[in-house]
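Written out below as structure tokens is the structure these notes cover.
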Amino acid sequence: SNALSRLANLHRHFHITKNSTKGSGNENQNVGTIKISQDVTTALANGKAVVALESTIISHGMPYPQNLETAKEVEAIVKEKGAVPATIAILEGIPCIGLNGEELERLAKLGTSARKISRRDIAHVVATRGSGGTTVSTTMIFASMVGISIFVTGGIGGVHKHGESTMDISSDLTELGRTPITVVSAGVKSILDIPRTLEYLETQGVSVVAYGTDDFPAFFSEKSGCKAPCQLDTPEECARLIEVNRKLDLKSGILIAIPIPKEHSVSGNIIESAIQTALREASDKGITGSAETPYLLSRVNELTGGASLESNIALVKNNAGLGAQIAVALAQIQD
Ligand code: PSU
Ligand code: MN
């Protein structure tokens, strides 16, 4: 099968190990090593549905202990819908595909003292045996390497406000242009420039789908006011799109944006004023680059008295349920 040949290919390039090589004392031991959990290995070898999950949302996106609780709940939802969750992170220099409870807890407790690992950081973190959460871009890379095609998160990075002059454009967007993974998210937060993010995704050739709506969702709110380029309404339709993208070998990614459930959306005014305050503070304090998104997320959470975190958790869980259904539908087509 497709998955089996990918695994065989992986064996040629990497030393895959089930046990951590922690404390081996051998400088070179973990170079080229990827650890795939037993559950994920079995699922991939049997063509079963697998859903990748990122871990910067655990280390930098939410405070402890909500980050750990959410990570566990999201995995449980994926399982309930019939797919195998594969949370991805780099621990002591080893890219790990599928974390156990202890590993999840370690990362959750490290919080922002863990590295935030985008594409540019991967080689350095591995070479220095560092640990950290993988962003959307890095999670896509490792998911693709091991043959996982669907990945669920809360929100992706985008073009930052004033990005046209700062050039702060998340590598999530370029990764979507070059790696054939489907990312399921609740759209893009209004801490970012949503219209320019959509323009940039078009430039990168990314298929952008709004689920059950024609309005691109804005994370905390169901609508951004920007029209999505396409709309799909069922997991089966999404699976078909993914399969066509693969068969045509387009090599680019797909973004499926699911609106936050109505009952969890944060009132536009409350969230917008919190975002404006947080953006002003970040600018006053000179917080830029990879530190900006984590800063804004935690300030908006404080300013909304925890309401934004609650919504964030609810939408991630919603995405996990639908992402798993898409993965199951895809595994059926590919049978
Ligand atoms: N948006 C969130 N929560 C997050 C992130 C974004 O609501 O945790 C994280 C994701 O890991 C995403 C990264 O890939 O931030 C983007 O960071 P940057 O804007 O620095 O590219
Ligand atoms: Mn950036």
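Ordering of the structure tokens sets the chain letters (A, B, ...); residue numbers start at 1 within each chain; ligands are numbered from 1 in the order shown.
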Near range 123-127 of chain A, counting only C-alpha atoms, which residues have an atom at most 7 Å away, once you skip same-chain residues fewer than 2 positions from it, shown as a list in words?
Gly93, Ile94, Asp121, Arg129, Gly130 and Ser131 of chain A
Please, could you write that set of residues out with N, CA and C atoms as a short mmCIF file (atom, residue, chain, number, x, y, z; two decimals), in the first residue's frame?
data_model
loop_
_atom_site.label_atom_id
_atom_site.label_comp_id
_atom_site.auth_asym_id
_atom_site.auth_seq_id
_atom_site.Cartn_x
_atom_site.Cartn_y
_atom_site.Cartn_z
N GLY A 93 16.21 16.31 21.08
CA GLY A 93 16.82 16.18 19.75
C GLY A 93 16.16 15.14 18.85
N ILE A 94 15.16 14.46 19.35
CA ILE A 94 14.54 13.41 18.53
C ILE A 94 13.12 13.80 18.11
N ASP A 121 14.12 26.23 12.46
CA ASP A 121 14.72 25.84 13.74
C ASP A 121 15.01 24.35 13.86
N ARG A 129 20.26 18.82 20.49
CA ARG A 129 19.45 17.96 21.35
C ARG A 129 18.45 18.72 22.20
N GLY A 130 17.85 19.70 21.59
CA GLY A 130 16.86 20.50 22.30
C GLY A 130 15.48 19.85 22.27
N SER A 131 14.57 20.47 23.02
CA SER A 131 13.19 19.99 23.08
C SER A 131 12.25 21.15 22.80
#
Extract, using only C-alpha atoms, all DNA, RNA and protein residues at most 10 Å from range 306-315 of chain A, discarding same-chain residues fewer than 6 positions from it, and format them as a PyMOL selection string.
chain A and resi 61-63+66-67+69-71+73-74+153-155+185-186+219-221+258-261+263-267+270-271+274+297-300+321
Please produce a file of those selected residues containing N, CA and C atoms, as a JSON list (two decimals), in the first residue's frame.
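Listing of selection33.json after writing:
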[["chain", "number", "residue", "atom", "x", "y", "z"],
["A", 61, "GLY", "N", 0.96, 27.91, 23.23],
["A", 61, "GLY", "CA", -0.36, 28.42, 22.86],
["A", 61, "GLY", "C", -1.34, 28.51, 24.02],
["A", 62, "MET", "N", -1.10, 27.70, 25.06],
["A", 62, "MET", "CA", -2.02, 27.67, 26.20],
["A", 62, "MET", "C", -1.23, 27.52, 27.48],
["A", 63, "PRO", "N", -1.77, 28.02, 28.62],
["A", 63, "PRO", "CA", -1.07, 27.86, 29.89],
["A", 63, "PRO", "C", -1.24, 26.44, 30.46],
["A", 66, "GLN", "N", -4.15, 23.74, 31.47],
["A", 66, "GLN", "CA", -5.15, 23.61, 30.39],
["A", 66, "GLN", "C", -4.53, 23.04, 29.13],
["A", 67, "ASN", "N", -3.24, 23.35, 28.90],
["A", 67, "ASN", "CA", -2.59, 22.83, 27.69],
["A", 67, "ASN", "C", -2.55, 21.30, 27.70],
["A", 69, "GLU", "N", -4.46, 19.21, 29.60],
["A", 69, "GLU", "CA", -5.83, 18.67, 29.56],
["A", 69, "GLU", "C", -6.37, 18.69, 28.14],
["A", 70, "THR", "N", -6.17, 19.81, 27.46],
["A", 70, "THR", "CA", -6.68, 19.94, 26.09],
["A", 70, "THR", "C", -6.01, 18.93, 25.16],
["A", 71, "ALA", "N", -4.69, 18.80, 25.30],
["A", 71, "ALA", "CA", -3.97, 17.86, 24.43],
["A", 71, "ALA", "C", -4.52, 16.45, 24.61],
["A", 73, "GLU", "N", -7.57, 15.61, 25.78],
["A", 73, "GLU", "CA", -8.96, 15.55, 25.31],
["A", 73, "GLU", "C", -9.02, 15.46, 23.79],
["A", 74, "VAL", "N", -8.14, 16.23, 23.15],
["A", 74, "VAL", "CA", -8.12, 16.23, 21.68],
["A", 74, "VAL", "C", -7.75, 14.83, 21.17],
["A", 153, "THR", "N", -5.27, 21.40, 13.98],
["A", 153, "THR", "CA", -4.78, 22.40, 14.93],
["A", 153, "THR", "C", -5.90, 23.37, 15.26],
["A", 154, "GLY", "N", -5.57, 24.42, 16.04],
["A", 154, "GLY", "CA", -6.56, 25.46, 16.34],
["A", 154, "GLY", "C", -6.54, 26.48, 15.22],
["A", 155, "GLY", "N", -5.47, 27.27, 15.21],
["A", 155, "GLY", "CA", -5.35, 28.28, 14.16],
["A", 155, "GLY", "C", -3.95, 28.23, 13.59],
["A", 185, "SER", "N", -8.17, 23.71, 10.52],
["A", 185, "SER", "CA", -8.06, 24.75, 11.54],
["A", 185, "SER", "C", -9.36, 25.53, 11.61],
["A", 186, "ALA", "N", -9.43, 26.47, 12.55],
["A", 186, "ALA", "CA", -10.62, 27.32, 12.65],
["A", 186, "ALA", "C", -10.39, 28.64, 11.92],
["A", 219, "PHE", "N", -11.31, 32.22, 13.54],
["A", 219, "PHE", "CA", -10.91, 31.64, 14.81],
["A", 219, "PHE", "C", -11.94, 31.90, 15.90],
["A", 220, "PHE", "N", -11.86, 33.02, 16.61],
["A", 220, "PHE", "CA", -12.80, 33.29, 17.70],
["A", 220, "PHE", "C", -14.19, 33.60, 17.19],
["A", 221, "SER", "N", -14.29, 34.03, 15.94],
["A", 221, "SER", "CA", -15.62, 34.29, 15.39],
["A", 221, "SER", "C", -15.82, 33.48, 14.11],
["A", 258, "ILE", "N", -12.72, 25.48, 9.59],
["A", 258, "ILE", "CA", -14.03, 25.16, 10.19],
["A", 258, "ILE", "C", -14.42, 26.26, 11.16],
["A", 259, "PRO", "N", -15.60, 26.84, 10.99],
["A", 259, "PRO", "CA", -16.00, 27.90, 11.93],
["A", 259, "PRO", "C", -16.15, 27.37, 13.36],
["A", 260, "ILE", "N", -15.79, 28.19, 14.31],
["A", 260, "ILE", "CA", -15.99, 27.87, 15.72],
["A", 260, "ILE", "C", -17.49, 27.62, 15.96],
["A", 261, "PRO", "N", -17.85, 26.61, 16.78],
["A", 261, "PRO", "CA", -19.28, 26.41, 17.06],
["A", 261, "PRO", "C", -19.88, 27.69, 17.66],
["A", 263, "GLU", "N", -22.02, 28.54, 19.80],
["A", 263, "GLU", "CA", -22.17, 28.74, 21.25],
["A", 263, "GLU", "C", -20.84, 29.08, 21.93],
["A", 264, "HIS", "N", -19.73, 28.89, 21.23],
["A", 264, "HIS", "CA", -18.42, 29.18, 21.83],
["A", 264, "HIS", "C", -17.75, 30.42, 21.26],
["A", 265, "SER", "N", -18.38, 31.03, 20.26],
["A", 265, "SER", "CA", -17.70, 32.18, 19.65],
["A", 265, "SER", "C", -17.69, 33.35, 20.64],
["A", 266, "VAL", "N", -16.57, 34.07, 20.65],
["A", 266, "VAL", "CA", -16.44, 35.19, 21.56],
["A", 266, "VAL", "C", -17.02, 36.42, 20.86],
["A", 267, "SER", "N", -17.74, 37.19, 21.60],
["A", 267, "SER", "CA", -18.35, 38.37, 21.01],
["A", 267, "SER", "C", -17.28, 39.23, 20.33],
["A", 270, "ILE", "N", -15.68, 42.28, 22.26],
["A", 270, "ILE", "CA", -14.81, 41.96, 23.38],
["A", 270, "ILE", "C", -13.44, 41.52, 22.87],
["A", 271, "ILE", "N", -13.47, 40.59, 21.92],
["A", 271, "ILE", "CA", -12.21, 40.03, 21.43],
["A", 271, "ILE", "C", -11.43, 41.09, 20.65],
["A", 274, "ALA", "N", -9.71, 43.51, 22.98],
["A", 274, "ALA", "CA", -8.57, 42.85, 23.64],
["A", 274, "ALA", "C", -7.39, 42.71, 22.67],
["A", 297, "LEU", "N", -1.48, 35.79, 22.28],
["A", 297, "LEU", "CA", -2.44, 34.78, 22.76],
["A", 297, "LEU", "C", -2.61, 34.88, 24.27],
["A", 298, "SER", "N", -1.50, 35.02, 24.99],
["A", 298, "SER", "CA", -1.63, 35.01, 26.44],
["A", 298, "SER", "C", -2.21, 36.33, 26.95],
["A", 299, "ARG", "N", -1.88, 37.45, 26.30],
["A", 299, "ARG", "CA", -2.46, 38.74, 26.72],
["A", 299, "ARG", "C", -3.96, 38.80, 26.43],
["A", 300, "VAL", "N", -4.34, 38.28, 25.26],
["A", 300, "VAL", "CA", -5.77, 38.30, 24.92],
["A", 300, "VAL", "C", -6.53, 37.43, 25.92],
["A", 321, "GLY", "N", -12.61, 16.59, 15.99],
["A", 321, "GLY", "CA", -13.69, 15.67, 15.63],
["A", 321, "GLY", "C", -13.86, 15.61, 14.12]]
Could I get the residue neighbourhood of ligand 2 at 6 Å, counting only C-alpha atoms and all ligand atoms, as a PyMOL selection string?
chain A and resi 168-170+289-290
From A:Leu330, A:Leu99, A:Ala218, A:Cys238, residue lying nearest ligand 1 [only C-alpha atoms and all ligand atoms]:
A:Ala218
Straight-line distance linking CA of Ala49 in chain A with CA of Ile333 in chain A, stated in Å to one decimal:
11.0 Å
Can you tell me which residues surround Ala257 in chain A at a distance of at most 8 Å, considering only C-alpha atoms, apart from same-chain residues fewer than 4 positions away, and format the answer as JSON, numbers by chain?
{"A": [184, 185, 186, 187, 208, 209, 210, 211, 216, 217]}
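When the distance limit is 12 Å and only C-alpha atoms are what count, the residues near Lys247 in chain A, minus those fewer than 6 positions from it on the same chain, are Asn2, Pro180, Arg240, Leu241 and Gln334 of chain A.
Using only C-alpha atoms, the shortest contact distance between Glu54 in chain A and any of A:Asp172, A:Asp39, A:Glu236, A:Asp249 is found at A:Asp172.
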Provide the CA of Ile256 in chain A to CA of Val316 in chain A distance in Å, to one decimal place.
13.2 Å
List every residue of range 17-125 of chain A that DSSP, applied to the backbone, labels as alpha helix (DSSP H), and write the result as a PDB file with N, CA and C atoms, in the first residue's frame.
ATOM      1  N   GLN A  38       4.319   3.105  18.683  1.00  0.00           N
ATOM      2  CA  GLN A  38       3.836   1.811  18.199  1.00  0.00           C
ATOM      3  C   GLN A  38       2.451   1.939  17.558  1.00  0.00           C
ATOM      4  N   ASP A  39       1.546   2.669  18.217  1.00  0.00           N
ATOM      5  CA  ASP A  39       0.178   2.853  17.691  1.00  0.00           C
ATOM      6  C   ASP A  39       0.194   3.453  16.300  1.00  0.00           C
ATOM      7  N   VAL A  40       1.023   4.485  16.145  1.00  0.00           N
ATOM      8  CA  VAL A  40       1.055   5.199  14.868  1.00  0.00           C
ATOM      9  C   VAL A  40       1.693   4.310  13.792  1.00  0.00           C
ATOM     10  N   THR A  41       2.771   3.606  14.156  1.00  0.00           N
ATOM     11  CA  THR A  41       3.424   2.704  13.196  1.00  0.00           C
ATOM     12  C   THR A  41       2.428   1.678  12.679  1.00  0.00           C
ATOM     13  N   THR A  42       1.688   1.069  13.612  1.00  0.00           N
ATOM     14  CA  THR A  42       0.722   0.026  13.234  1.00  0.00           C
ATOM     15  C   THR A  42      -0.362   0.609  12.334  1.00  0.00           C
ATOM     16  N   ALA A  43      -0.880   1.771  12.718  1.00  0.00           N
ATOM     17  CA  ALA A  43      -1.951   2.390  11.929  1.00  0.00           C
ATOM     18  C   ALA A  43      -1.469   2.705  10.514  1.00  0.00           C
ATOM     19  N   LEU A  44      -0.270   3.272  10.403  1.00  0.00           N
ATOM     20  CA  LEU A  44       0.249   3.638   9.080  1.00  0.00           C
ATOM     21  C   LEU A  44       0.478   2.399   8.226  1.00  0.00           C
ATOM     22  N   ALA A  45       1.018   1.359   8.841  1.00  0.00           N
ATOM     23  CA  ALA A  45       1.310   0.142   8.082  1.00  0.00           C
ATOM     24  C   ALA A  45       0.025  -0.504   7.584  1.00  0.00           C
ATOM     25  N   THR A  56       3.186  23.175  19.441  1.00  0.00           N
ATOM     26  CA  THR A  56       3.431  24.551  19.911  1.00  0.00           C
ATOM     27  C   THR A  56       2.191  25.067  20.629  1.00  0.00           C
ATOM     28  N   GLN A  66      -4.154  23.744  31.468  1.00  0.00           N
ATOM     29  CA  GLN A  66      -5.153  23.608  30.394  1.00  0.00           C
ATOM     30  C   GLN A  66      -4.528  23.039  29.128  1.00  0.00           C
ATOM     31  N   ASN A  67      -3.245  23.354  28.900  1.00  0.00           N
ATOM     32  CA  ASN A  67      -2.587  22.833  27.692  1.00  0.00           C
ATOM     33  C   ASN A  67      -2.551  21.304  27.700  1.00  0.00           C
ATOM     34  N   LEU A  68      -2.215  20.730  28.866  1.00  0.00           N
ATOM     35  CA  LEU A  68      -2.117  19.268  28.970  1.00  0.00           C
ATOM     36  C   LEU A  68      -3.499  18.625  28.877  1.00  0.00           C
ATOM     37  N   GLU A  69      -4.459  19.207  29.598  1.00  0.00           N
ATOM     38  CA  GLU A  69      -5.829  18.666  29.562  1.00  0.00           C
ATOM     39  C   GLU A  69      -6.374  18.686  28.142  1.00  0.00           C
ATOM     40  N   THR A  70      -6.166  19.810  27.456  1.00  0.00           N
ATOM     41  CA  THR A  70      -6.685  19.938  26.090  1.00  0.00           C
ATOM     42  C   THR A  70      -6.007  18.928  25.163  1.00  0.00           C
ATOM     43  N   ALA A  71      -4.691  18.799  25.298  1.00  0.00           N
ATOM     44  CA  ALA A  71      -3.971  17.859  24.431  1.00  0.00           C
ATOM     45  C   ALA A  71      -4.524  16.446  24.605  1.00  0.00           C
ATOM     46  N   LYS A  72      -4.802  16.069  25.848  1.00  0.00           N
ATOM     47  CA  LYS A  72      -5.327  14.720  26.106  1.00  0.00           C
ATOM     48  C   LYS A  72      -6.751  14.568  25.581  1.00  0.00           C
ATOM     49  N   GLU A  73      -7.570  15.610  25.783  1.00  0.00           N
ATOM     50  CA  GLU A  73      -8.958  15.545  25.310  1.00  0.00           C
ATOM     51  C   GLU A  73      -9.017  15.465  23.788  1.00  0.00           C
ATOM     52  N   VAL A  74      -8.145  16.231  23.148  1.00  0.00           N
ATOM     53  CA  VAL A  74      -8.123  16.229  21.683  1.00  0.00           C
ATOM     54  C   VAL A  74      -7.751  14.830  21.172  1.00  0.00           C
ATOM     55  N   GLU A  75      -6.768  14.206  21.806  1.00  0.00           N
ATOM     56  CA  GLU A  75      -6.389  12.842  21.402  1.00  0.00           C
ATOM     57  C   GLU A  75      -7.567  11.887  21.603  1.00  0.00           C
ATOM     58  N   ALA A  76      -8.288  12.056  22.711  1.00  0.00           N
ATOM     59  CA  ALA A  76      -9.428  11.172  22.997  1.00  0.00           C
ATOM     60  C   ALA A  76     -10.526  11.344  21.935  1.00  0.00           C
ATOM     61  N   ILE A  77     -10.754  12.582  21.511  1.00  0.00           N
ATOM     62  CA  ILE A  77     -11.784  12.833  20.483  1.00  0.00           C
ATOM     63  C   ILE A  77     -11.394  12.167  19.163  1.00  0.00           C
ATOM     64  N   VAL A  78     -10.116  12.297  18.797  1.00  0.00           N
ATOM     65  CA  VAL A  78      -9.643  11.679  17.547  1.00  0.00           C
ATOM     66  C   VAL A  78      -9.873  10.163  17.599  1.00  0.00           C
ATOM     67  N   LYS A  79      -9.565   9.568  18.753  1.00  0.00           N
ATOM     68  CA  LYS A  79      -9.748   8.107  18.901  1.00  0.00           C
ATOM     69  C   LYS A  79     -11.220   7.723  18.819  1.00  0.00           C
ATOM     70  N   GLU A  80     -12.042   8.509  19.512  1.00  0.00           N
ATOM     71  CA  GLU A  80     -13.487   8.256  19.533  1.00  0.00           C
ATOM     72  C   GLU A  80     -14.066   8.225  18.120  1.00  0.00           C
ATOM     73  N   GLY A 101       1.901   9.658  27.503  1.00  0.00           N
ATOM     74  CA  GLY A 101       1.407  10.566  28.543  1.00  0.00           C
ATOM     75  C   GLY A 101       2.524  11.334  29.225  1.00  0.00           C
ATOM     76  N   GLU A 102       3.611  10.643  29.498  1.00  0.00           N
ATOM     77  CA  GLU A 102       4.735  11.288  30.188  1.00  0.00           C
ATOM     78  C   GLU A 102       5.360  12.365  29.305  1.00  0.00           C
ATOM     79  N   GLU A 103       5.482  12.069  28.020  1.00  0.00           N
ATOM     80  CA  GLU A 103       6.082  13.041  27.090  1.00  0.00           C
ATOM     81  C   GLU A 103       5.195  14.271  26.924  1.00  0.00           C
ATOM     82  N   LEU A 104       3.881  14.031  26.842  1.00  0.00           N
ATOM     83  CA  LEU A 104       2.936  15.162  26.740  1.00  0.00           C
ATOM     84  C   LEU A 104       3.061  16.062  27.961  1.00  0.00           C
ATOM     85  N   GLU A 105       3.141  15.438  29.123  1.00  0.00           N
ATOM     86  CA  GLU A 105       3.210  16.189  30.369  1.00  0.00           C
ATOM     87  C   GLU A 105       4.510  16.987  30.458  1.00  0.00           C
ATOM     88  N   ARG A 106       5.604  16.368  30.010  1.00  0.00           N
ATOM     89  CA  ARG A 106       6.899  17.041  30.045  1.00  0.00           C
ATOM     90  C   ARG A 106       6.849  18.320  29.209  1.00  0.00           C
ATOM     91  N   LEU A 107       6.301  18.196  28.015  1.00  0.00           N
ATOM     92  CA  LEU A 107       6.228  19.356  27.127  1.00  0.00           C
ATOM     93  C   LEU A 107       5.282  20.419  27.690  1.00  0.00           C
ATOM     94  N   ALA A 108       4.160  19.962  28.233  1.00  0.00           N
ATOM     95  CA  ALA A 108       3.164  20.899  28.790  1.00  0.00           C
ATOM     96  C   ALA A 108       3.773  21.690  29.940  1.00  0.00           C
ATOM     97  N   LYS A 109       4.602  21.023  30.761  1.00  0.00           N
ATOM     98  CA  LYS A 109       5.219  21.698  31.910  1.00  0.00           C
ATOM     99  C   LYS A 109       6.370  22.601  31.489  1.00  0.00           C
ATOM    100  N   LEU A 110       7.056  22.242  30.414  1.00  0.00           N
ATOM    101  CA  LEU A 110       8.133  23.123  29.917  1.00  0.00           C
ATOM    102  C   LEU A 110       7.555  24.463  29.477  1.00  0.00           C
ATOM    103  N   ILE A 122      14.463  23.542  12.950  1.00  0.00           N
ATOM    104  CA  ILE A 122      14.503  22.084  13.132  1.00  0.00           C
ATOM    105  C   ILE A 122      15.932  21.572  13.268  1.00  0.00           C
ATOM    106  N   ALA A 123      16.785  21.925  12.329  1.00  0.00           N
ATOM    107  CA  ALA A 123      18.140  21.357  12.339  1.00  0.00           C
ATOM    108  C   ALA A 123      18.887  21.767  13.604  1.00  0.00           C
ATOM    109  N   HIS A 124      18.714  23.016  14.015  1.00  0.00           N
ATOM    110  CA  HIS A 124      19.421  23.474  15.214  1.00  0.00           C
ATOM    111  C   HIS A 124      18.933  22.739  16.469  1.00  0.00           C
ATOM    112  N   VAL A 125      17.631  22.570  16.598  1.00  0.00           N
ATOM    113  CA  VAL A 125      17.088  21.889  17.791  1.00  0.00           C
ATOM    114  C   VAL A 125      17.563  20.433  17.838  1.00  0.00           C
TER     115      VAL A 125
END
Give me every strand (DSSP E or B) residue in range 142-293 of chain A, going by DSSP on the backbone, as a ChimeraX atom specification.
/A:150-152,159-160,169,182-185,187,192,207-211,215,218,221,227,230-232,254-257
Would you kindly return, as a PyMOL selection string, each protein, DNA or RNA residue with an atom no farther than 7 Å from any atom of Ala324 in chain A, considering only C-alpha atoms and excluding same-chain residues fewer than 5 positions away?
chain A and resi 51+78+81+83
Next, the residues of the selection above should be written as a PDB file, in the first residue's frame with C-alpha atoms.
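Writing done, so here's selection.pdb:
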ATOM      1  CA  VAL A  51      -4.408  12.506  12.528  1.00  0.00           C
ATOM      2  CA  VAL A  78      -9.643  11.679  17.547  1.00  0.00           C
ATOM      3  CA  LYS A  81     -14.024   9.118  15.860  1.00  0.00           C
ATOM      4  CA  ALA A  83      -8.571   7.603  13.980  1.00  0.00           C
TER       5      ALA A  83
END
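Excluding Cys96 in chain A and any residue on its chain fewer than 6 positions from it, the residues at most 7 Å away by only C-alpha atoms are Ile34, Lys35, Ile36, Ile88, Ala89 and Ile90 of chain A.
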